[in-house]
Structures are given as structure tokens and as C-alpha cells.
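Each remark here refers to the structure printed beneath this line.
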Amino acid sequence: MAARAGRDPSPQLQVKSVSYKVDQEKPRPEMDETLSLPIPLSLELPSEQDQGSVRRRGRMPQFVRSAAPPRTERMTVDQDWSSVYPTAAAFKPASVPLPIRMGYPVKRGVPPPKEGNLELIKIPNFLHLTPPAIKKHCAALKDFCTEWPSALDSDEKCEQHFPIEIETVDYVSSGTSIRNPKARVVTLRVKLSNLNLDDHAKKKLIKLVGERYCQETDVLTITTDRCPLRRQNYDYGMHLLTVLYHESWKTEKWESEKSEEDMEEYIWENSRSQKNALDTLLRIKASENVSNVTEEELLASEVVKNYRNSVIALKNEGETESNISQYKESVKKLLNIQAGEERLCRYN
Amino acid sequence: NLCGEAGAAQRALEDAFLRRFLAGTFPGLLADEVVLKRRGNLLVLCALLGRALPPHKLYFLLGYAETLLGTFYKCPVRLELQTVPARVPYKHL
């Protein structure tokens, strides 16, 4: 039944009873391919042969109406394009005066033309976003915008006044629901140099947060998603930051038991390297029978200071060419070895 | 593209229903598959029709389909129709 619904009983009756009152001035934008028919009415009846083939297929309509010429033929060159495509809409071949072809080319031929081309309808088009249209959008939106505060004209000033960066993500998907559980995640980022921390507080804070601190950029990142709402996660993140800050300033009793393994960086004072160096120097002085020099004098002497700096550089920064050569120089000066003597020692 | 997102199954079900609905609303007129697009909440249906029906009937069917589907799916529905004189074959073999 559905296949035959397009058929009318007899052609003659159809012609006599029809009458159309259609507004010819402005074709409705949705109904593009000219359903407004011009007068006189003309119905093209397919020939007997066509009718036979159509009947065999059983799906195509029996009558093919002639359509009015497409709107493109009435378009002037200097028309206002933003009124042809005011919003995002599908591609309408009778409204776009461009000879576009799209699709897989016919054998030894060209891609199919734009009329009835499903490929052109499928793809998203930006015919509603021409530069003049965008200018109109901006002009309309300008009334709702406020100026950027003139005092914040550089990144440093922004960071100085607003040290904490909050990052939240909103999700839009094609569907009737705006809820997305991923939208509750909140990320806080703050540079530790903007916080008021002394040496002990900074080290304690870094130990407390562990992986969330990045050494190279000096940025602490806190990501919270344990609460169901974004506002709650933001409050929790700020609470965490406050607690960390205050706790790092307090000193607990058991912190005095911090041993050498817990230290973040190498400290030369009271280390094995210092003891070894002082021991060796004292023994050298004793063997040369020089009057007793005290440890403080040795520590204050330049050779020992050089040695200290080179050892600290090696341990903290790792081994580089300059570090190792600096260490070599300082050791040579410390032990008073000259280049020639060094060769002698080796051959011995 | 709803890969990894929620709601993909519901959209697929809606697509199937929409194709059947339009095939029934425009019986024998659909020249090609209906192109369904979603822009956020908005549902855009692009259909290519043959020219058997007079325009006032087509306009009526357009409004009928839009309002019915809109109340059904609780989202704005826009139907963009085009008529072609004959079915355009996609690929000649």
C-alpha cells in the first residue's frame, strides 16, 4: 500500500481539479527546490515507456512536476550573503550559485554535480560564516562585552595578581542530556614562588605533595574529582592548598630526626667528604711538620672552599664536563699536586 | 562522534526510528537516504524527495514531522527538504 500511495487514479482528473495559491515572491528558506509553481501549470507525464519502467520499480512517483527555476538565477553579484545563509544549514544547491561537484567521478568523467548530491549535504559547510557575517556577529556581541582591565597587560602581572590557576572542562555532546560525569574534575595550579614559604616550609611542602610538584617549572598541581559536584571539588582543592600551606610552616618534634637519606640536596657541612678532606689535610700538615693549624682555619682556606663547591656541584647537578674539570682542579690545588708531579706519581 | 562517550546507543536507536518515521511520512517520495545531523541538542534531518506531491501537502508533512518529533524527543527538530526531478544514482557501475 505504501508503495502505491503516490499514485493518483487518473491523469485527467488531476489536471482539472488542481489549483495552487502559492506566494511566489519569497520562497520559504526550508523548502528550497522551488515548490512554488509558476502559472501556467504544466505537468510532465512520463511517456508510456517510462511509466512502464516506473511501474515495474514501483517506488518512484508517477508524476514529475516541473519546478520553478532555482533561486540562483535571480541572485545578484552584490547580494547580502548572510541573509541567504543566516544560520548553519544544510547545503541547498538551488541557493548556492557555485558550480560545485563532489563525489567519486563517473568513469572517464567528472564528479557528480551539486543537484541531489548527498555528499554535499552530509558534510558540514561554513557558508554561514563568511567574513562579513562574522563581522556582523562581532558587532552585535560588542555591546555585551567589557574591556580587559588595562592594569593586566602582561603575563607576569596576571600571575602576580592571580597566582592560582583553576582549570575546569565543560563537555558538549550531541544528545538531549547536558550532564557528563567528567565535568566535575577541577585542577588547581600554583607556583611555589608565589607562596610565602621559607626554606624548611618549602622542603616540607614538597615532601608532603610528592608527585604533584614539578621541579622544572616550580608548579604545584592539585587535581580533585572525589566530590560529585564541581563547586565541591573546587572548595576541596582550595582547602587542600590551605592545609598544606599551614602544615608546612609548623615543625613537628619528630622532624628533628631527619637523617642524611631524607635530605633533598647535598649539604657539605658535616658530611663524609668534609671529614675526609679535613683528615687528609691535617695529616699532610702533620707530616710536613707545620705548626698545628686548626680546623676552622682549614675550612676557611680557599682550597678547601673550592673543593667544597666542586663536590656540591657534582652531587647536586650531576656529572658534566665543567663540573668534573672543576673538581679535578680543586683536588689538585687541595693536595698541592702540580702537573709534573702528577706524571711522576703515575709512573711510580 | 560518540566514541567513548555515553549516549551512543540512544542516538543509534533514535536514528533507526527517525529513518522509519520519515520513510512512512513521505511514502514513496524519498529519493535517497535521509541525512541525520545533530548539533548539540538540535536534530537536523535532510531529505531528498521526489516531486509527486503538491507543495502545500509537503509543507504540511514538514510541519507535522517537525512538531511530532520535537514533542517526542524533547529537542528542537529541523527538517530540510529538497526535491529532485529524478533519483540521482551515486555511482554508475
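Just remember, in the C-alpha cells the first chain shown is A, the second B, etc., residues are 1-based per chain, and ligands are 1-based in the order shown.
Once Pro76 in chain B and its same-chain neighbours fewer than 5 positions away are set aside, Asn41, Leu42, Leu43 and Gly70 of chain B remain within 8 Å of it when counting only C-alpha atoms.
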Please produce a file of those selected residues containing all heavy atoms, as a PDB file, in the first residue's frame.
```pdb
ATOM      1  N   ASN B  41      21.884  19.938  20.901  1.00  0.00           N
ATOM      2  CA  ASN B  41      20.542  19.426  21.126  1.00  0.00           C
ATOM      3  C   ASN B  41      19.727  19.331  19.842  1.00  0.00           C
ATOM      4  O   ASN B  41      18.804  18.535  19.732  1.00  0.00           O
ATOM      5  CB  ASN B  41      19.838  20.382  22.092  1.00  0.00           C
ATOM      6  CG  ASN B  41      18.685  19.721  22.763  1.00  0.00           C
ATOM      7  OD1 ASN B  41      18.547  18.520  22.705  1.00  0.00           O
ATOM      8  ND2 ASN B  41      17.830  20.513  23.367  1.00  0.00           N
ATOM      9  N   LEU B  42      20.085  20.150  18.860  1.00  0.00           N
ATOM     10  CA  LEU B  42      19.264  20.269  17.664  1.00  0.00           C
ATOM     11  C   LEU B  42      19.440  19.069  16.757  1.00  0.00           C
ATOM     12  O   LEU B  42      20.542  18.581  16.550  1.00  0.00           O
ATOM     13  CB  LEU B  42      19.671  21.542  16.916  1.00  0.00           C
ATOM     14  CG  LEU B  42      19.082  21.784  15.541  1.00  0.00           C
ATOM     15  CD1 LEU B  42      17.624  22.078  15.671  1.00  0.00           C
ATOM     16  CD2 LEU B  42      19.806  22.919  14.871  1.00  0.00           C
ATOM     17  N   LEU B  43      18.335  18.605  16.213  1.00  0.00           N
ATOM     18  CA  LEU B  43      18.354  17.468  15.298  1.00  0.00           C
ATOM     19  C   LEU B  43      17.992  17.991  13.919  1.00  0.00           C
ATOM     20  O   LEU B  43      16.948  18.597  13.735  1.00  0.00           O
ATOM     21  CB  LEU B  43      17.314  16.460  15.785  1.00  0.00           C
ATOM     22  CG  LEU B  43      17.209  15.090  15.150  1.00  0.00           C
ATOM     23  CD1 LEU B  43      18.529  14.408  15.139  1.00  0.00           C
ATOM     24  CD2 LEU B  43      16.222  14.280  15.950  1.00  0.00           C
ATOM     25  N   GLY B  70       9.543  16.692  17.587  1.00  0.00           N
ATOM     26  CA  GLY B  70      10.004  17.582  18.657  1.00  0.00           C
ATOM     27  C   GLY B  70       9.392  17.233  19.999  1.00  0.00           C
ATOM     28  O   GLY B  70      10.088  17.159  21.012  1.00  0.00           O
TER      29      GLY B  70
END
```
Contacts of Tyr85 in chain A at 12 Å (only C-alpha atoms; same-chain gap of 4+ positions) as number ranges by chain
A: 29-30, 79-81, 89-92, 95-96, 125-130, 133
When you count only C-alpha atoms, which of these residues is closest to Arg11 in chain B: A:Ser173, A:Glu252, A:Leu299, A:Lys332?
A:Ser173
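Ranking B:Val77, B:Ala65, B:Cys46, B:Ala16 by their shortest atom-to-atom distance to chain A, with only C-alpha atoms included, puts B:Cys46 first.
One distance worth recording is that between CA of Arg189 in chain A and CA of Tyr234 in chain A, which is 11.9 Å.
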Restrict the distance test to only C-alpha atoms, flag each residue of chain B within 7 Å of chain A, and return the flagged residues as a count of residues only.
23
Shortest contact to Leu49 in chain B, candidates B:Leu22, B:Leu79, B:Leu68, B:Ala31, atoms counted only C-alpha atoms, goes to B:Ala31
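A straight line drawn from CA of Arg308 in chain A to CA of Trp268 in chain A is 6.7 Å long.
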Run DSSP on the backbone and tell me which residues of chain B come out as helix (DSSP H, G or I); list them as a PyMOL selection string.
chain B and resi 8-25+55-73
Same residues, N, CA, C and O atoms, output as a short mmCIF file (atom, residue, chain, number, x, y, z; two decimals), in the first residue's frame:
```
data_model
loop_
_atom_site.label_atom_id
_atom_site.label_comp_id
_atom_site.auth_asym_id
_atom_site.auth_seq_id
_atom_site.Cartn_x
_atom_site.Cartn_y
_atom_site.Cartn_z
N ALA B 8 25.62 6.85 23.15
CA ALA B 8 25.74 6.43 21.74
C ALA B 8 24.62 5.48 21.36
O ALA B 8 24.07 5.56 20.26
N ALA B 9 24.26 4.60 22.28
CA ALA B 9 23.22 3.62 21.95
C ALA B 9 21.87 4.30 21.76
O ALA B 9 21.11 3.97 20.84
N GLN B 10 21.58 5.30 22.63
CA GLN B 10 20.31 6.01 22.48
C GLN B 10 20.25 6.73 21.15
O GLN B 10 19.22 6.76 20.48
N ARG B 11 21.40 7.34 20.74
CA ARG B 11 21.41 8.05 19.45
C ARG B 11 21.17 7.08 18.31
O ARG B 11 20.48 7.38 17.34
N ALA B 12 21.78 5.88 18.41
CA ALA B 12 21.59 4.90 17.33
C ALA B 12 20.12 4.48 17.23
O ALA B 12 19.57 4.36 16.13
N LEU B 13 19.50 4.29 18.38
CA LEU B 13 18.08 3.93 18.38
C LEU B 13 17.24 5.04 17.78
O LEU B 13 16.33 4.80 16.97
N GLU B 14 17.56 6.29 18.16
CA GLU B 14 16.83 7.42 17.59
C GLU B 14 16.99 7.46 16.09
O GLU B 14 16.03 7.74 15.36
N ASP B 15 18.21 7.22 15.61
CA ASP B 15 18.45 7.24 14.16
C ASP B 15 17.57 6.23 13.46
O ASP B 15 16.95 6.53 12.43
N ALA B 16 17.52 5.01 14.00
CA ALA B 16 16.73 3.96 13.35
C ALA B 16 15.26 4.37 13.30
O ALA B 16 14.59 4.25 12.26
N PHE B 17 14.77 4.90 14.42
CA PHE B 17 13.37 5.29 14.46
C PHE B 17 13.10 6.42 13.47
O PHE B 17 12.07 6.43 12.77
N LEU B 18 14.02 7.39 13.40
CA LEU B 18 13.80 8.54 12.53
C LEU B 18 13.75 8.13 11.08
O LEU B 18 12.92 8.64 10.30
N ARG B 19 14.60 7.19 10.68
CA ARG B 19 14.57 6.76 9.28
C ARG B 19 13.24 6.10 8.95
O ARG B 19 12.64 6.36 7.90
N ARG B 20 12.76 5.24 9.84
CA ARG B 20 11.48 4.59 9.57
C ARG B 20 10.34 5.60 9.55
O ARG B 20 9.44 5.53 8.72
N PHE B 21 10.39 6.54 10.47
CA PHE B 21 9.34 7.54 10.55
C PHE B 21 9.27 8.34 9.26
O PHE B 21 8.18 8.58 8.71
N LEU B 22 10.42 8.78 8.78
CA LEU B 22 10.42 9.59 7.56
C LEU B 22 10.05 8.76 6.35
O LEU B 22 9.38 9.26 5.44
N ALA B 23 10.45 7.51 6.35
CA ALA B 23 10.04 6.66 5.22
C ALA B 23 8.53 6.51 5.19
O ALA B 23 7.93 6.39 4.12
N GLY B 24 7.91 6.51 6.36
CA GLY B 24 6.47 6.40 6.40
C GLY B 24 5.75 7.71 6.14
O GLY B 24 4.69 7.75 5.55
N THR B 25 6.34 8.82 6.59
CA THR B 25 5.68 10.12 6.41
C THR B 25 5.70 10.55 4.95
O THR B 25 4.78 11.20 4.48
N PRO B 55 3.07 21.30 -3.33
CA PRO B 55 3.86 21.92 -2.26
C PRO B 55 3.10 22.07 -0.94
O PRO B 55 3.69 21.91 0.13
N HIS B 56 1.76 22.35 -1.00
CA HIS B 56 1.10 22.58 0.29
C HIS B 56 1.05 21.30 1.09
O HIS B 56 1.13 21.30 2.30
N LYS B 57 0.95 20.18 0.40
CA LYS B 57 0.97 18.91 1.15
C LYS B 57 2.34 18.67 1.76
O LYS B 57 2.47 18.17 2.88
N LEU B 58 3.35 19.03 1.01
CA LEU B 58 4.71 18.82 1.53
C LEU B 58 4.97 19.71 2.74
O LEU B 58 5.59 19.29 3.71
N TYR B 59 4.47 20.95 2.67
CA TYR B 59 4.65 21.83 3.81
C TYR B 59 3.94 21.28 5.04
O TYR B 59 4.43 21.35 6.16
N PHE B 60 2.74 20.73 4.78
CA PHE B 60 2.02 20.18 5.91
C PHE B 60 2.80 19.04 6.53
O PHE B 60 2.94 18.94 7.77
N LEU B 61 3.30 18.14 5.68
CA LEU B 61 4.05 17.00 6.22
C LEU B 61 5.30 17.45 6.95
O LEU B 61 5.71 16.87 7.96
N LEU B 62 5.91 18.52 6.45
CA LEU B 62 7.10 19.06 7.10
C LEU B 62 6.77 19.51 8.53
O LEU B 62 7.42 19.12 9.50
N GLY B 63 5.71 20.32 8.67
CA GLY B 63 5.34 20.80 9.99
C GLY B 63 4.92 19.68 10.91
O GLY B 63 5.28 19.65 12.09
N TYR B 64 4.17 18.75 10.33
CA TYR B 64 3.72 17.60 11.12
C TYR B 64 4.91 16.83 11.67
O TYR B 64 4.98 16.51 12.86
N ALA B 65 5.86 16.53 10.78
CA ALA B 65 7.03 15.75 11.23
C ALA B 65 7.82 16.51 12.28
O ALA B 65 8.22 15.95 13.31
N GLU B 66 8.02 17.82 12.05
CA GLU B 66 8.84 18.59 12.99
C GLU B 66 8.20 18.63 14.38
O GLU B 66 8.85 18.37 15.39
N THR B 67 6.90 18.95 14.44
CA THR B 67 6.28 19.08 15.76
C THR B 67 6.18 17.73 16.44
O THR B 67 6.47 17.62 17.65
N LEU B 68 5.81 16.71 15.68
CA LEU B 68 5.66 15.40 16.32
C LEU B 68 6.98 14.91 16.88
O LEU B 68 7.08 14.47 18.03
N LEU B 69 8.04 14.99 16.07
CA LEU B 69 9.34 14.52 16.53
C LEU B 69 9.87 15.41 17.66
O LEU B 69 10.54 14.93 18.57
N GLY B 70 9.54 16.69 17.59
CA GLY B 70 10.00 17.58 18.66
C GLY B 70 9.39 17.23 20.00
O GLY B 70 10.09 17.16 21.01
N THR B 71 8.08 16.99 20.01
CA THR B 71 7.47 16.62 21.28
C THR B 71 7.89 15.23 21.68
O THR B 71 7.99 14.92 22.86
N PHE B 72 8.18 14.39 20.72
CA PHE B 72 8.57 13.02 21.03
C PHE B 72 9.92 12.97 21.71
O PHE B 72 10.09 12.35 22.75
N TYR B 73 10.90 13.66 21.12
CA TYR B 73 12.28 13.58 21.61
C TYR B 73 12.68 14.74 22.49
O TYR B 73 13.82 14.81 22.93
#
```
Give me, as a ChimeraX atom specification, all polymer residues having an atom no more than 12 Å from range 315-329 of chain A, counting only C-alpha atoms and skipping those fewer than 2 positions away in the same chain.
/A:263-268,273,303-313,331-339,342
Would you mind exporting N, CA, C and O atoms of the selected residues as a CSV table (one decimal), in the first residue's frame?
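Heads up, here's the output in out_18.csv:
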```
chain,number,residue,atom,x,y,z
A,263,MET,N,67.5,14.0,53.1
A,263,MET,CA,67.8,15.3,52.6
A,263,MET,C,67.6,15.4,51.1
A,263,MET,O,67.8,14.5,50.4
A,264,GLU,N,67.1,16.5,50.7
A,264,GLU,CA,66.7,16.7,49.2
A,264,GLU,C,68.0,17.0,48.4
A,264,GLU,O,68.1,16.7,47.3
A,265,GLU,N,68.9,17.8,49.0
A,265,GLU,CA,70.1,18.2,48.3
A,265,GLU,C,71.3,17.9,49.2
A,265,GLU,O,71.2,17.8,50.4
A,266,TYR,N,72.4,17.9,48.5
A,266,TYR,CA,73.7,17.6,49.2
A,266,TYR,C,74.2,18.7,50.0
A,266,TYR,O,74.3,19.9,49.5
A,267,ILE,N,74.4,18.5,51.3
A,267,ILE,CA,75.0,19.6,52.2
A,267,ILE,C,76.4,19.1,52.6
A,267,ILE,O,76.6,18.0,53.1
A,268,TRP,N,77.3,20.0,52.4
A,268,TRP,CA,78.7,19.5,52.6
A,268,TRP,C,79.2,19.5,54.0
A,268,TRP,O,79.9,18.7,54.4
A,273,SER,N,82.6,13.7,53.0
A,273,SER,CA,83.6,14.3,52.2
A,273,SER,C,84.4,15.4,53.0
A,273,SER,O,85.6,15.5,52.9
A,303,VAL,N,91.4,26.8,49.2
A,303,VAL,CA,91.5,25.5,48.5
A,303,VAL,C,90.3,24.6,49.0
A,303,VAL,O,89.7,23.9,48.2
A,304,VAL,N,90.1,24.6,50.4
A,304,VAL,CA,89.0,23.8,50.9
A,304,VAL,C,87.7,24.3,50.4
A,304,VAL,O,86.8,23.5,50.0
A,305,LYS,N,87.6,25.6,50.3
A,305,LYS,CA,86.3,26.2,49.8
A,305,LYS,C,86.0,25.7,48.3
A,305,LYS,O,84.9,25.4,47.9
A,306,ASN,N,87.1,25.8,47.5
A,306,ASN,CA,87.0,25.4,46.1
A,306,ASN,C,86.5,23.9,46.0
A,306,ASN,O,85.6,23.6,45.3
A,307,TYR,N,87.2,23.1,46.9
A,307,TYR,CA,86.9,21.7,46.9
A,307,TYR,C,85.4,21.5,47.3
A,307,TYR,O,84.7,20.7,46.7
A,308,ARG,N,85.0,22.2,48.3
A,308,ARG,CA,83.6,22.1,48.8
A,308,ARG,C,82.6,22.5,47.6
A,308,ARG,O,81.6,21.7,47.4
A,309,ASN,N,82.9,23.6,46.9
A,309,ASN,CA,82.0,24.0,45.9
A,309,ASN,C,81.9,22.9,44.8
A,309,ASN,O,80.8,22.6,44.3
A,310,SER,N,83.1,22.4,44.4
A,310,SER,CA,83.1,21.4,43.3
A,310,SER,C,82.3,20.2,43.7
A,310,SER,O,81.6,19.6,42.9
A,311,VAL,N,82.5,19.7,45.0
A,311,VAL,CA,81.8,18.5,45.4
A,311,VAL,C,80.3,18.7,45.4
A,311,VAL,O,79.5,17.9,44.9
A,312,ILE,N,79.9,19.9,45.9
A,312,ILE,CA,78.4,20.2,45.9
A,312,ILE,C,77.9,20.2,44.5
A,312,ILE,O,76.8,19.7,44.2
A,313,ALA,N,78.6,20.9,43.6
A,313,ALA,CA,78.1,21.0,42.2
A,313,ALA,C,78.0,19.6,41.6
A,313,ALA,O,77.0,19.3,41.0
A,331,VAL,N,90.9,19.5,43.4
A,331,VAL,CA,91.6,18.4,44.1
A,331,VAL,C,93.1,18.6,44.0
A,331,VAL,O,93.9,18.5,44.9
A,332,LYS,N,93.5,19.0,42.7
A,332,LYS,CA,94.9,19.3,42.5
A,332,LYS,C,95.4,20.4,43.5
A,332,LYS,O,96.5,20.3,44.1
A,333,LYS,N,94.6,21.5,43.6
A,333,LYS,CA,95.0,22.6,44.5
A,333,LYS,C,95.0,22.1,45.9
A,333,LYS,O,95.9,22.5,46.7
A,334,LEU,N,94.1,21.3,46.3
A,334,LEU,CA,93.9,20.8,47.7
A,334,LEU,C,95.2,20.0,48.1
A,334,LEU,O,95.8,20.2,49.2
A,335,LEU,N,95.5,19.1,47.2
A,335,LEU,CA,96.6,18.2,47.6
A,335,LEU,C,98.0,18.8,47.1
A,335,LEU,O,99.0,18.1,47.2
A,336,ASN,N,97.9,20.0,46.6
A,336,ASN,CA,99.1,20.7,46.1
A,336,ASN,C,99.9,19.9,45.1
A,336,ASN,O,101.1,19.8,45.1
A,337,ILE,N,99.2,19.3,44.2
A,337,ILE,CA,99.9,18.5,43.2
A,337,ILE,C,100.0,19.3,42.0
A,337,ILE,O,99.1,20.0,41.5
A,338,GLN,N,101.2,19.4,41.4
A,338,GLN,CA,101.4,20.1,40.1
A,338,GLN,C,101.4,19.0,39.0
A,338,GLN,O,101.4,17.8,39.2
A,339,ALA,N,101.3,19.5,37.8
A,339,ALA,CA,101.1,18.6,36.7
A,339,ALA,C,102.2,17.7,36.5
A,339,ALA,O,102.1,16.5,36.3
A,342,GLU,N,102.3,15.0,39.0
A,342,GLU,CA,101.2,14.0,38.8
A,342,GLU,C,101.7,12.9,37.9
A,342,GLU,O,101.5,11.7,38.2
```
Hey, can you check how far CA of Gly210 in chain A sits from CA of Thr187 in chain A?
16.3 Å
With range 163-166 of chain A as the partner and 12 Å as the cut-off, tabulate the residues of range 210-278 of chain A that qualify, each row holding the nearest pair of atoms and their distance in Å to one decimal, using only C-alpha atoms, sorted by chain and rising number, as a tab-separated table.
```
residue	atom	partner	partner_atom	distance
A:Val219	CA	A:Ile164	CA	10.2
A:Leu220	CA	A:Ile164	CA	9.8
A:Thr221	CA	A:Glu165	CA	9.4
A:Ile222	CA	A:Ile166	CA	9.7
A:Thr223	CA	A:Ile166	CA	9.8
A:Thr224	CA	A:Ile166	CA	11.1
A:Arg230	CA	A:Ile166	CA	11.4
A:Arg231	CA	A:Ile166	CA	11.8
A:Asn233	CA	A:Ile166	CA	11.1
A:Tyr234	CA	A:Ile166	CA	8.4
A:Asp235	CA	A:Ile166	CA	11.4
A:Gly237	CA	A:Ile166	CA	9.7
A:Met238	CA	A:Ile164	CA	9.7
A:Leu241	CA	A:Ile164	CA	10.2
```
Deliver the residues from the most recent selection as a file, using C-alpha atoms, as a compact mmCIF listing (two decimals), in the first residue's frame.
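Final output, saved to again_20.txt:
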```
# COMPACT_ATOMS: atom_id res chain seq x y z
CA VAL A 219 54.37 24.38 39.77
CA LEU A 220 52.20 22.53 42.25
CA THR A 221 49.22 20.82 40.57
CA ILE A 222 46.29 19.57 42.61
CA THR A 223 43.57 17.61 40.77
CA THR A 224 40.37 16.85 42.65
CA ARG A 230 32.39 20.89 40.52
CA ARG A 231 31.80 23.51 43.21
CA ASN A 233 35.70 19.83 44.17
CA TYR A 234 36.89 23.41 43.87
CA ASP A 235 36.27 24.02 47.58
CA GLY A 237 41.06 21.81 46.31
CA MET A 238 41.35 25.23 47.98
CA LEU A 241 46.09 24.10 49.48
```
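Between Glu167 in chain A and the candidates A:Glu302, A:Val185, A:Arg226, A:Lys204, the tightest atom-to-atom separation, counting only C-alpha atoms, involves A:Val185.
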Just want the 12 Å neighbourhood of Thr217 in chain A, counted on only C-alpha atoms, with same-chain residues fewer than 4 positions away dropped. Output as JSON, numbers by chain.
{"A": [189, 190, 191, 192, 193, 212, 213, 221]}
